[in-house]
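Data file: upload11.cif. Format and content: mmCIF, C-alpha atoms.
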```cif
data_model
loop_
_atom_site.group_PDB
_atom_site.id
_atom_site.type_symbol
_atom_site.label_atom_id
_atom_site.label_comp_id
_atom_site.auth_asym_id
_atom_site.auth_seq_id
_atom_site.Cartn_x
_atom_site.Cartn_y
_atom_site.Cartn_z
ATOM 1 C CA MET B 627 2.205 -2.798 -27.521
ATOM 2 C CA ASN B 628 2.705 -3.741 -31.163
ATOM 3 C CA GLU B 629 6.349 -4.522 -30.458
ATOM 4 C CA ALA B 630 5.263 -7.929 -29.152
ATOM 5 C CA PRO B 631 2.326 -9.546 -30.987
ATOM 6 C CA PHE B 632 1.836 -12.081 -28.167
ATOM 7 C CA ILE B 633 0.699 -9.302 -25.795
ATOM 8 C CA SER B 634 -3.084 -9.123 -25.551
ATOM 9 C CA GLN B 635 -5.032 -6.204 -27.017
ATOM 10 C CA GLN B 636 -7.946 -6.953 -24.645
ATOM 11 C CA VAL B 637 -6.942 -4.298 -22.139
ATOM 12 C CA VAL B 638 -8.352 -0.959 -21.077
ATOM 13 C CA SER B 639 -4.841 0.293 -20.413
ATOM 14 C CA GLY B 640 -1.356 -1.131 -20.146
ATOM 15 C CA GLU B 641 2.222 -0.135 -19.391
ATOM 16 C CA TYR B 642 4.896 -2.368 -20.894
ATOM 17 C CA TYR B 643 8.650 -2.654 -21.140
ATOM 18 C CA PHE B 644 10.607 -4.587 -23.765
ATOM 19 C CA LEU B 645 14.187 -5.607 -23.049
ATOM 20 C CA ASN B 646 15.004 -8.396 -25.521
ATOM 21 C CA LEU B 647 12.299 -9.919 -27.700
ATOM 22 C CA ARG B 648 14.796 -12.165 -29.507
ATOM 23 C CA PRO B 649 16.971 -13.636 -26.747
ATOM 24 C CA ASP B 650 19.983 -15.757 -27.593
ATOM 25 C CA THR B 651 19.201 -19.402 -26.791
ATOM 26 C CA LYS B 652 22.709 -19.724 -25.325
ATOM 27 C CA ASP B 653 22.133 -16.864 -22.874
ATOM 28 C CA PRO B 654 21.918 -18.234 -19.306
ATOM 29 C CA GLY B 655 19.021 -15.921 -18.480
ATOM 30 C CA THR B 656 17.122 -13.106 -20.200
ATOM 31 C CA VAL B 657 14.262 -10.884 -19.064
ATOM 32 C CA VAL B 658 12.262 -10.534 -22.262
ATOM 33 C CA CYS B 659 9.514 -8.092 -21.333
ATOM 34 C CA GLY B 660 6.892 -7.312 -18.732
ATOM 35 C CA GLY B 661 4.110 -4.967 -17.877
ATOM 36 C CA TYR B 662 0.991 -3.986 -16.019
ATOM 37 C CA GLU B 663 -2.450 -4.498 -17.580
ATOM 38 C CA GLN B 664 -5.938 -3.321 -16.682
ATOM 39 C CA CYS B 665 -8.016 -5.964 -18.453
ATOM 40 C CA ASP B 666 -11.267 -5.138 -20.220
ATOM 41 C CA PRO B 667 -14.442 -6.975 -19.089
ATOM 42 C CA HIS B 668 -14.185 -9.504 -21.930
ATOM 43 C CA TYR B 669 -10.519 -10.408 -21.382
ATOM 44 C CA ARG B 670 -9.780 -14.036 -22.268
ATOM 45 C CA ILE B 671 -6.432 -15.548 -23.245
ATOM 46 C CA ALA B 672 -6.219 -19.202 -24.326
ATOM 47 C CA ARG B 673 -2.865 -20.680 -25.347
ATOM 48 C CA ASN B 674 -1.595 -24.188 -26.008
ATOM 49 C CA ARG B 675 1.989 -22.934 -26.065
ATOM 50 C CA PHE B 676 3.832 -19.714 -25.281
ATOM 51 C CA ARG B 677 7.220 -18.448 -26.427
ATOM 52 C CA PHE B 678 8.633 -17.798 -22.973
ATOM 53 C CA HIS B 679 8.309 -18.590 -19.283
ATOM 54 C CA SER B 680 6.008 -16.182 -17.481
ATOM 55 C CA ILE B 681 5.022 -15.179 -13.938
ATOM 56 C CA GLU B 682 1.867 -13.139 -13.383
ATOM 57 C CA TYR B 683 0.599 -11.379 -10.275
ATOM 58 C CA VAL B 684 -3.003 -10.259 -9.691
ATOM 59 C CA ALA B 685 -3.135 -6.764 -8.219
ATOM 60 C CA ALA B 686 -6.931 -6.322 -8.354
ATOM 61 C CA GLY B 687 -10.099 -7.919 -9.674
ATOM 62 C CA GLN B 688 -11.292 -11.484 -10.027
ATOM 63 C CA GLY B 689 -10.854 -14.164 -12.661
ATOM 64 C CA VAL B 690 -10.112 -17.801 -13.414
ATOM 65 C CA LEU B 691 -6.909 -19.579 -14.433
ATOM 66 C CA THR B 692 -7.298 -22.886 -16.237
ATOM 67 C CA VAL B 693 -4.083 -24.914 -16.517
ATOM 68 C CA ASN B 694 -3.931 -28.297 -18.224
ATOM 69 C CA GLY B 695 -7.680 -28.719 -17.714
ATOM 70 C CA ASN B 696 -7.748 -27.657 -14.029
ATOM 71 C CA SER B 697 -9.426 -24.363 -13.066
ATOM 72 C CA PHE B 698 -8.432 -22.086 -10.182
ATOM 73 C CA PRO B 699 -9.944 -18.792 -8.984
ATOM 74 C CA LEU B 700 -7.847 -15.645 -9.254
ATOM 75 C CA SER B 701 -8.115 -12.799 -6.760
ATOM 76 C CA PRO B 702 -5.792 -10.048 -5.447
ATOM 77 C CA GLY B 703 -2.506 -11.475 -4.175
ATOM 78 C CA ALA B 704 -2.530 -14.493 -6.499
ATOM 79 C CA VAL B 705 0.711 -15.284 -8.318
ATOM 80 C CA PHE B 706 1.064 -17.989 -10.958
ATOM 81 C CA TYR B 707 3.569 -19.348 -13.466
ATOM 82 C CA TYR B 708 3.393 -21.027 -16.864
ATOM 83 C CA SER B 709 6.123 -22.384 -19.091
ATOM 84 C CA PRO B 710 6.300 -22.498 -22.906
ATOM 85 C CA LYS B 711 4.629 -25.925 -22.922
ATOM 86 C CA THR B 712 1.893 -25.127 -20.374
ATOM 87 C CA ARG B 713 -1.601 -25.123 -21.854
ATOM 88 C CA HIS B 714 -3.412 -22.302 -20.080
ATOM 89 C CA GLU B 715 -6.404 -19.978 -20.204
ATOM 90 C CA ILE B 716 -6.909 -16.734 -18.275
ATOM 91 C CA THR B 717 -10.354 -15.132 -18.085
ATOM 92 C CA THR B 718 -11.624 -12.185 -16.095
ATOM 93 C CA ASP B 719 -14.817 -11.649 -14.164
ATOM 94 C CA PRO B 720 -16.645 -9.021 -16.283
ATOM 95 C CA ALA B 721 -17.980 -7.336 -13.132
ATOM 96 C CA GLN B 722 -14.503 -7.142 -11.537
ATOM 97 C CA PRO B 723 -11.911 -7.055 -14.342
ATOM 98 C CA LEU B 724 -8.404 -8.218 -13.541
ATOM 99 C CA ALA B 725 -5.501 -5.830 -13.105
ATOM 100 C CA LYS B 726 -2.225 -7.719 -13.186
ATOM 101 C CA TYR B 727 1.534 -7.558 -13.565
ATOM 102 C CA PHE B 728 3.502 -10.035 -15.681
ATOM 103 C CA ILE B 729 7.118 -10.760 -16.557
ATOM 104 C CA ASP B 730 8.305 -12.974 -19.434
ATOM 105 C CA PHE B 731 11.748 -14.570 -19.358
ATOM 106 C CA CYS B 732 13.883 -17.514 -20.477
ATOM 107 C CA GLY B 733 17.101 -19.277 -19.581
ATOM 108 C CA PRO B 734 18.346 -21.749 -16.954
ATOM 109 C CA ARG B 735 19.383 -18.957 -14.572
ATOM 110 C CA PHE B 736 15.676 -18.584 -13.756
ATOM 111 C CA THR B 737 14.154 -21.934 -14.647
ATOM 112 C CA ARG B 738 16.458 -23.842 -12.296
ATOM 113 C CA LEU B 739 15.005 -21.804 -9.423
ATOM 114 C CA LEU B 740 11.525 -22.914 -10.438
ATOM 115 C CA LYS B 741 12.274 -26.627 -10.142
ATOM 116 C CA GLU B 742 10.511 -28.009 -7.043
ATOM 117 C CA HIS B 743 9.198 -24.473 -6.487
ATOM 118 C CA PRO B 744 5.680 -23.803 -5.129
ATOM 119 C CA LEU B 745 4.779 -22.350 -8.544
ATOM 120 C CA ALA B 746 6.009 -25.406 -10.456
ATOM 121 C CA SER B 747 2.579 -27.089 -10.228
ATOM 122 C CA HIS B 748 1.105 -24.047 -12.073
ATOM 123 C CA GLU B 749 -1.512 -23.720 -9.333
ATOM 124 C CA PRO B 750 -1.900 -20.079 -8.190
ATOM 125 C CA ARG B 751 -0.257 -19.288 -4.892
ATOM 126 C CA TYR B 752 -0.869 -16.396 -2.558
ATOM 127 C CA PHE B 753 1.970 -14.243 -1.383
ATOM 128 C CA SER B 754 2.338 -13.227 2.228
ATOM 129 C CA PRO B 755 2.813 -10.403 2.946
ATOM 130 C CA THR B 756 1.272 -9.255 -0.357
ATOM 131 C CA PRO B 757 2.769 -5.704 -0.615
ATOM 132 C CA ARG B 758 6.317 -7.069 -0.867
ATOM 133 C CA LEU B 759 5.665 -8.876 -4.140
ATOM 134 C CA ARG B 760 3.777 -5.955 -5.617
ATOM 135 C CA GLU B 761 6.725 -3.689 -4.809
ATOM 136 C CA LEU B 762 9.066 -6.043 -6.690
ATOM 137 C CA PHE B 763 6.861 -5.954 -9.777
ATOM 138 C CA ALA B 764 6.591 -2.162 -9.506
ATOM 139 C CA ASN B 765 10.384 -1.969 -9.262
ATOM 140 C CA LEU B 766 10.688 -4.098 -12.401
ATOM 141 C CA GLN B 767 8.265 -1.716 -14.128
ATOM 142 C CA GLN B 768 10.260 1.336 -13.091
ATOM 143 C CA ASN B 769 13.597 -0.075 -14.230
ATOM 144 C CA GLY B 770 12.260 -1.711 -17.374
ATOM 145 C CA ARG B 771 10.583 1.471 -18.574
ATOM 146 C CA ASN B 772 13.719 3.562 -17.987
ATOM 147 C CA PRO B 773 16.336 1.592 -19.935
ATOM 148 C CA SER B 774 20.055 1.993 -19.394
ATOM 149 C CA ALA B 775 23.198 -0.041 -19.957
ATOM 150 C CA HIS B 776 22.447 -2.015 -16.793
ATOM 151 C CA THR B 777 18.670 -2.474 -17.105
ATOM 152 C CA GLN B 778 18.829 -6.140 -18.174
ATOM 153 C CA SER B 779 21.135 -7.018 -15.281
ATOM 154 C CA ILE B 780 19.041 -5.094 -12.748
ATOM 155 C CA CYS B 781 15.790 -6.699 -13.917
ATOM 156 C CA ALA B 782 17.395 -10.158 -13.915
ATOM 157 C CA CYS B 783 18.424 -9.691 -10.287
ATOM 158 C CA LEU B 784 14.929 -8.458 -9.385
ATOM 159 C CA LEU B 785 13.383 -11.481 -11.110
ATOM 160 C CA GLU B 786 15.616 -13.848 -9.147
ATOM 161 C CA LEU B 787 14.586 -12.085 -5.937
ATOM 162 C CA LEU B 788 10.928 -12.319 -6.932
ATOM 163 C CA ILE B 789 11.175 -16.081 -7.530
ATOM 164 C CA LEU B 790 12.951 -16.620 -4.206
ATOM 165 C CA GLN B 791 10.506 -14.416 -2.298
ATOM 166 C CA VAL B 792 7.567 -16.424 -3.639
ATOM 167 C CA ALA B 793 9.313 -19.654 -2.620
ATOM 168 C CA GLU B 794 9.785 -18.220 0.872
ATOM 169 C CA HIS B 795 6.263 -16.877 1.411
ATOM 170 C CA ALA B 796 3.860 -18.493 -1.075
ATOM 171 C CA LEU B 797 0.705 -20.112 0.288
ATOM 172 C CA SER B 798 -2.173 -22.031 -1.208
ATOM 173 C CA GLN B 799 -5.447 -20.104 -1.372
ATOM 174 C CA ASP B 800 -6.977 -22.204 1.411
ATOM 175 C CA ASP B 801 -3.961 -21.671 3.637
ATOM 176 C CA ALA B 802 -3.822 -17.931 2.950
ATOM 177 C CA GLU B 803 -7.463 -17.564 4.007
ATOM 178 C CA SER B 804 -7.283 -19.944 6.960
ATOM 179 C CA PRO B 805 -7.924 -18.734 10.532
ATOM 180 C CA ALA B 806 -4.400 -19.843 11.470
ATOM 181 C CA HIS B 807 -2.766 -17.620 8.854
ATOM 182 C CA LEU B 808 -5.018 -14.689 9.685
ATOM 183 C CA THR B 809 -3.947 -15.057 13.323
ATOM 184 C CA TYR B 810 -0.296 -15.150 12.260
ATOM 185 C CA GLN B 811 -0.734 -11.980 10.206
ATOM 186 C CA ARG B 812 -2.526 -10.249 13.084
ATOM 187 C CA CYS B 813 0.308 -11.092 15.479
ATOM 188 C CA ARG B 814 2.981 -9.939 13.021
ATOM 189 C CA GLN B 815 1.189 -6.614 12.652
ATOM 190 C CA LEU B 816 0.953 -6.351 16.438
ATOM 191 C CA ILE B 817 4.723 -6.844 16.819
ATOM 192 C CA GLU B 818 5.510 -4.409 13.996
ATOM 193 C CA LYS B 819 3.296 -1.730 15.544
ATOM 194 C CA ARG B 820 4.244 -2.172 19.220
ATOM 195 C CA PHE B 821 7.790 -3.574 19.189
ATOM 196 C CA LEU B 822 9.138 -0.790 21.396
ATOM 197 C CA GLU B 823 6.732 -1.527 24.229
ATOM 198 C CA LEU B 824 6.945 -5.333 23.965
ATOM 199 C CA HIS B 825 9.924 -7.022 25.615
ATOM 200 C CA THR B 826 9.319 -10.778 25.868
ATOM 201 C CA LEU B 827 7.399 -13.598 24.239
ATOM 202 C CA ALA B 828 4.989 -13.391 27.184
ATOM 203 C CA ASP B 829 4.343 -9.719 26.363
ATOM 204 C CA ILE B 830 3.539 -10.606 22.756
ATOM 205 C CA THR B 831 1.185 -13.439 23.611
ATOM 206 C CA ALA B 832 -0.580 -11.394 26.303
ATOM 207 C CA ALA B 833 -1.099 -8.475 23.904
ATOM 208 C CA GLY B 834 -2.289 -10.829 21.175
ATOM 209 C CA HIS B 835 -4.461 -12.954 23.484
ATOM 210 C CA ILE B 836 -2.892 -16.140 22.193
ATOM 211 C CA ASN B 837 -1.271 -19.220 23.671
ATOM 212 C CA PRO B 838 2.603 -19.018 23.493
ATOM 213 C CA PRO B 839 3.218 -22.536 22.076
ATOM 214 C CA TYR B 840 0.531 -21.983 19.433
ATOM 215 C CA LEU B 841 2.021 -18.634 18.397
ATOM 216 C CA CYS B 842 5.467 -20.207 18.042
ATOM 217 C CA ARG B 843 3.993 -22.976 15.878
ATOM 218 C CA LEU B 844 2.330 -20.363 13.634
ATOM 219 C CA PHE B 845 5.603 -18.479 13.147
ATOM 220 C CA LYS B 846 7.449 -21.714 12.390
ATOM 221 C CA ARG B 847 4.780 -22.684 9.858
ATOM 222 C CA TYR B 848 4.447 -19.378 8.029
ATOM 223 C CA GLY B 849 7.646 -17.443 8.695
ATOM 224 C CA ALA B 850 11.423 -17.661 8.809
ATOM 225 C CA GLU B 851 11.831 -16.496 12.408
ATOM 226 C CA SER B 852 10.232 -16.927 15.815
ATOM 227 C CA PRO B 853 8.038 -14.143 17.271
ATOM 228 C CA TYR B 854 10.801 -13.232 19.734
ATOM 229 C CA GLN B 855 13.407 -13.156 16.961
ATOM 230 C CA MET B 856 11.172 -10.812 14.991
ATOM 231 C CA LEU B 857 10.763 -8.588 18.039
ATOM 232 C CA ILE B 858 14.534 -8.387 18.616
ATOM 233 C CA ARG B 859 15.225 -7.767 14.927
ATOM 234 C CA LEU B 860 12.845 -4.791 14.899
ATOM 235 C CA LYS B 861 14.308 -3.421 18.121
ATOM 236 C CA MET B 862 17.860 -3.703 16.783
ATOM 237 C CA ARG B 863 16.905 -2.088 13.474
ATOM 238 C CA HIS B 864 15.483 0.842 15.429
ATOM 239 C CA ALA B 865 18.616 0.903 17.596
ATOM 240 C CA SER B 866 20.850 1.044 14.515
ATOM 241 C CA ASP B 867 18.872 4.040 13.243
ATOM 242 C CA LEU B 868 19.339 5.817 16.588
ATOM 243 C CA LEU B 869 23.049 5.004 16.738
ATOM 244 C CA ASN B 870 23.569 6.190 13.178
ATOM 245 C CA GLY B 871 21.372 9.270 13.244
ATOM 246 C CA SER B 872 21.824 10.857 16.672
ATOM 247 C CA ASP B 873 24.343 11.650 19.401
ATOM 248 C CA MET B 874 22.744 9.256 21.879
ATOM 249 C CA LEU B 875 24.960 7.122 24.074
ATOM 250 C CA VAL B 876 24.758 3.336 23.822
ATOM 251 C CA LYS B 877 23.044 3.110 27.222
ATOM 252 C CA GLN B 878 20.489 5.695 26.091
ATOM 253 C CA VAL B 879 19.745 3.747 22.924
ATOM 254 C CA ALA B 880 19.424 0.566 24.974
ATOM 255 C CA LYS B 881 16.848 2.238 27.210
ATOM 256 C CA ALA B 882 15.004 3.716 24.215
ATOM 257 C CA THR B 883 14.602 0.246 22.697
ATOM 258 C CA GLY B 884 13.393 -1.314 25.958
ATOM 259 C CA PHE B 885 16.566 -2.737 27.557
ATOM 260 C CA SER B 886 17.386 -1.847 31.153
ATOM 261 C CA ASP B 887 20.719 -3.674 30.894
ATOM 262 C CA PRO B 888 23.006 -2.067 28.265
ATOM 263 C CA TYR B 889 25.319 -5.095 28.304
ATOM 264 C CA HIS B 890 22.472 -7.428 27.369
ATOM 265 C CA PHE B 891 21.475 -4.943 24.656
ATOM 266 C CA SER B 892 25.052 -4.899 23.313
ATOM 267 C CA ARG B 893 25.212 -8.713 23.168
ATOM 268 C CA LEU B 894 21.975 -8.896 21.187
ATOM 269 C CA PHE B 895 23.063 -6.048 18.894
ATOM 270 C CA LYS B 896 26.334 -7.821 18.111
ATOM 271 C CA LYS B 897 24.447 -11.060 17.444
ATOM 272 C CA ILE B 898 22.360 -9.269 14.793
ATOM 273 C CA TYR B 899 24.985 -7.005 13.183
ATOM 274 C CA GLY B 900 28.237 -8.797 13.951
ATOM 275 C CA VAL B 901 29.781 -5.817 15.767
ATOM 276 C CA SER B 902 29.197 -4.091 19.091
ATOM 277 C CA PRO B 903 27.177 -0.839 19.169
ATOM 278 C CA ARG B 904 30.366 1.161 19.736
ATOM 279 C CA LEU B 905 32.107 -0.405 16.721
ATOM 280 C CA PHE B 906 28.929 0.111 14.701
ATOM 281 C CA ILE B 907 29.055 3.844 15.479
ATOM 282 C CA GLN B 908 32.738 4.017 14.518
ATOM 283 C CA SER B 909 32.133 2.096 11.281
ATOM 284 C CA THR B 910 29.219 4.266 10.147
ATOM 285 C CA GLN B 911 31.147 7.432 10.981
ATOM 286 C CA ARG B 912 34.038 6.276 8.768
ATOM 287 C CA ILE B 913 31.623 5.547 5.938
ATOM 288 C CA LEU B 914 30.029 9.007 6.183
ATOM 289 C CA GLN B 915 33.365 10.859 6.357
#
```
File written out as structure tokens:
Amino acid sequence: MNEAPFISQQVVSGEYYFLNLRPDTKDPGTVVCGGYEQCDPHYRIARNRFRFHSIEYVAAGQGVLTVNGNSFPLSPGAVFYYSPKTRHEITTDPAQPLAKYFIDFCGPRFTRLLKEHPLASHEPRYFSPTPRLRELFANLQQNGRNPSAHTQSICACLLELLILQVAEHALSQDDAESPAHLTYQRCRQLIEKRFLELHTLADITAAGHINPPYLCRLFKRYGAESPYQMLIRLKMRHASDLLNGSDMLVKQVAKATGFSDPYHFSRLFKKIYGVSPRLFIQSTQRILQ
């Protein structure tokens, strides 16, 4: 921890990685360092300036972020950003100390992605679905703590993905806790769990006890695909696994994924993967040979 004096000592435990603590100002983008911290009950950081840009993600606990005089609650799933000129204070709830990931970086490769980004206001956002962002931070931890010749490049790509994923899925706290979003999440989980037995939008809405137009509005508001598109994507992903990992015929795979008409199945498969099921089988066989 002593490698970087700006890292807080007010932690019960911490795992850190250090990639470049003195980045070249001409470098288009550098991941400086990052880590995971279990804060102690008295954790409090107050800064008028900071050396780098930083994104933090709350994995557990409760706290408060104060940015430029405005205070926001922190709870699991919260992600927030501050720049070198952002006056900020982070405090933990002593009864529920924060556990959080962070990554420090600099350079226009990353900062240009943060212009007009949901995090640009410095207000915490909530990521949906939460596990995806946590997995990205965990991946950064794994790569950063096992350095190689390509670690900087790998972590830079992961940071770009993290920033884009937040832009795609970030919500305000009120929106994340709203009944509408909870309904959206419930319906997504329903489709993910029962995609093989669901065949149409009507099947989804009947199983979820929800009005079809309302469900479509929820998916348009919170997601990048319609409920039916999600259903077909999951079916085709399962079909690709069957085609690649078994000796099943195309018509058998069609039936296994809920299609009575193998020609309709083939059209949808080609729409997703760009090739017919038969060409997909031939292509994967050539790759494996």
Shell of 7 Å around Glu663 in chain B, all atoms listed in the file, local chain residues under 3 positions omitted, as a ChimeraX atom specification: /B:637,639-641,725-727
task: Given the file shown, determine the residues that the PyMOL selection byres ((chain B and resi 786) around 12) selects; report them as a ChimeraX atom specification.
output: /B:655-657,681,729,731,733-740,762-763,766,779-785,787-793
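With only C-alpha atoms taken into account, the protein and nucleic acid residues at most 9 Å from Ile830 in chain B (excluding it and anything under 4 positions from it in its own chain) are Cys813, Leu816, Ile817, Phe821, Leu824, His825, Thr826, Gly834, His835, Ile836, Pro838, Pro853, Tyr854 and Leu857 of chain B.
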statement: note - CA of Lys861 in chain B and CA of Gln811 in chain B are separated by 19.0 Å
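Using all atoms listed in the file, the nearest neighbour of Glu761 in chain B within the list B:Leu860, B:Glu823, B:Tyr683, B:Asp719 is B:Tyr683.
Across the model, the gap from CA of Ala796 in chain B to CA of Phe753 in chain B is 4.7 Å.
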field: Atomic distance CA of Cys842 in chain B - CA of Arg812 in chain B, expressed in Å with one decimal
entry: 13.7 Å
- request: Kindly resolve the PyMOL selection byres ((chain B and resi 770) around 9) on the present coordinates and return the residues as a PyMOL selection string.
  value: chain B and resi 642-645+659-661+765-769+771-774+777-778+780-781
- request: Fewer than 2 positions away in the same chain doesn't count, so skip those; otherwise give me all residues within 8 Å of Ser701 in chain B, counting all atoms listed in the file, as a VMD selection string.
  value: chain B and resid 684 to 689 699 703 to 704
Mind working out the centre and edge lengths of an axis-aligned box for range 657-670 of chain B, all listed atoms inside, 3 Å added to each side, rounded to one decimal in Å and written as lines of an AutoDock Vina configuration file?
```
center_x = -0.1
center_y = -8.7
center_z = -19.1
size_x = 34.7
size_y = 16.7
size_z = 12.2
```
field: Exercise: Asn696 in chain B partners within 10 Å, all atoms listed in the file, chain neighbours under 5 positions left out, as a PyMOL selection string
entry: chain B and resi 691+714-715+748-749
statement: Tyr662 in chain B proximity check over B:His795, B:Arg863, B:His776, B:Arg760, using all atoms listed in the file: winner is B:Arg760
task: List, as a list of chain:residue names, every residue that the PyMOL selection byres ((chain B and resi 892) around 10) selects in the file provided.
output: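 Selected by the PyMOL selection byres ((chain B and resi 892) around 10) here: B:Met862, B:Val876, B:Lys877, B:Ala880, B:Phe885, B:Asp887, B:Pro888, B:Tyr889, B:His890, B:Phe891, B:Arg893, B:Leu894, B:Phe895, B:Lys896, B:Lys897, B:Ile898, B:Val901, B:Ser902, B:Pro903, B:Arg904.
You can rank B:Arg859, B:Tyr848, B:Lys819, B:Cys665 by their closest distance to Asp801 in chain B using only C-alpha atoms, and at the top of that list sits B:Tyr848.
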task: Identify which of the residues B:Gly695, B:Pro702, B:Ala832, B:Thr718 lies closest to Ala802 in chain B, counting all atoms listed in the file when measuring atom-to-atom distances.
output: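 Of the candidates, the smallest distance to Ala802 in chain B is held by B:Pro702.
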Nearest-residue call for Phe698 in chain B, choices B:Glu742, B:Glu818, B:Asp800, B:Glu794, using all atoms listed in the file: B:Asp800
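With distances restricted to only C-alpha atoms, B:Phe678 is the closest residue to Phe728 in chain B from B:Phe845, B:Phe906, B:Tyr752, B:Phe678.
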Report as a short mmCIF file (atom, residue, chain, number, x, y, z; two decimals) with C-alpha atoms, in the frame of the given file all protein, DNA and RNA residues lying within 12 Å of Arg843 in chain B, evaluated on all atoms listed in the file, omitting residues in the same chain fewer than 4 positions from it.
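Result went into result_33.cif, see below:
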```
data_model
loop_
_atom_site.label_atom_id
_atom_site.label_comp_id
_atom_site.auth_asym_id
_atom_site.auth_seq_id
_atom_site.Cartn_x
_atom_site.Cartn_y
_atom_site.Cartn_z
CA ALA B 806 -4.40 -19.84 11.47
CA HIS B 807 -2.77 -17.62 8.85
CA THR B 809 -3.95 -15.06 13.32
CA TYR B 810 -0.30 -15.15 12.26
CA ILE B 836 -2.89 -16.14 22.19
CA ASN B 837 -1.27 -19.22 23.67
CA PRO B 838 2.60 -19.02 23.49
CA PRO B 839 3.22 -22.54 22.08
CA ARG B 847 4.78 -22.68 9.86
CA TYR B 848 4.45 -19.38 8.03
CA GLY B 849 7.65 -17.44 8.70
CA ALA B 850 11.42 -17.66 8.81
CA GLU B 851 11.83 -16.50 12.41
CA SER B 852 10.23 -16.93 15.82
CA PRO B 853 8.04 -14.14 17.27
#
```
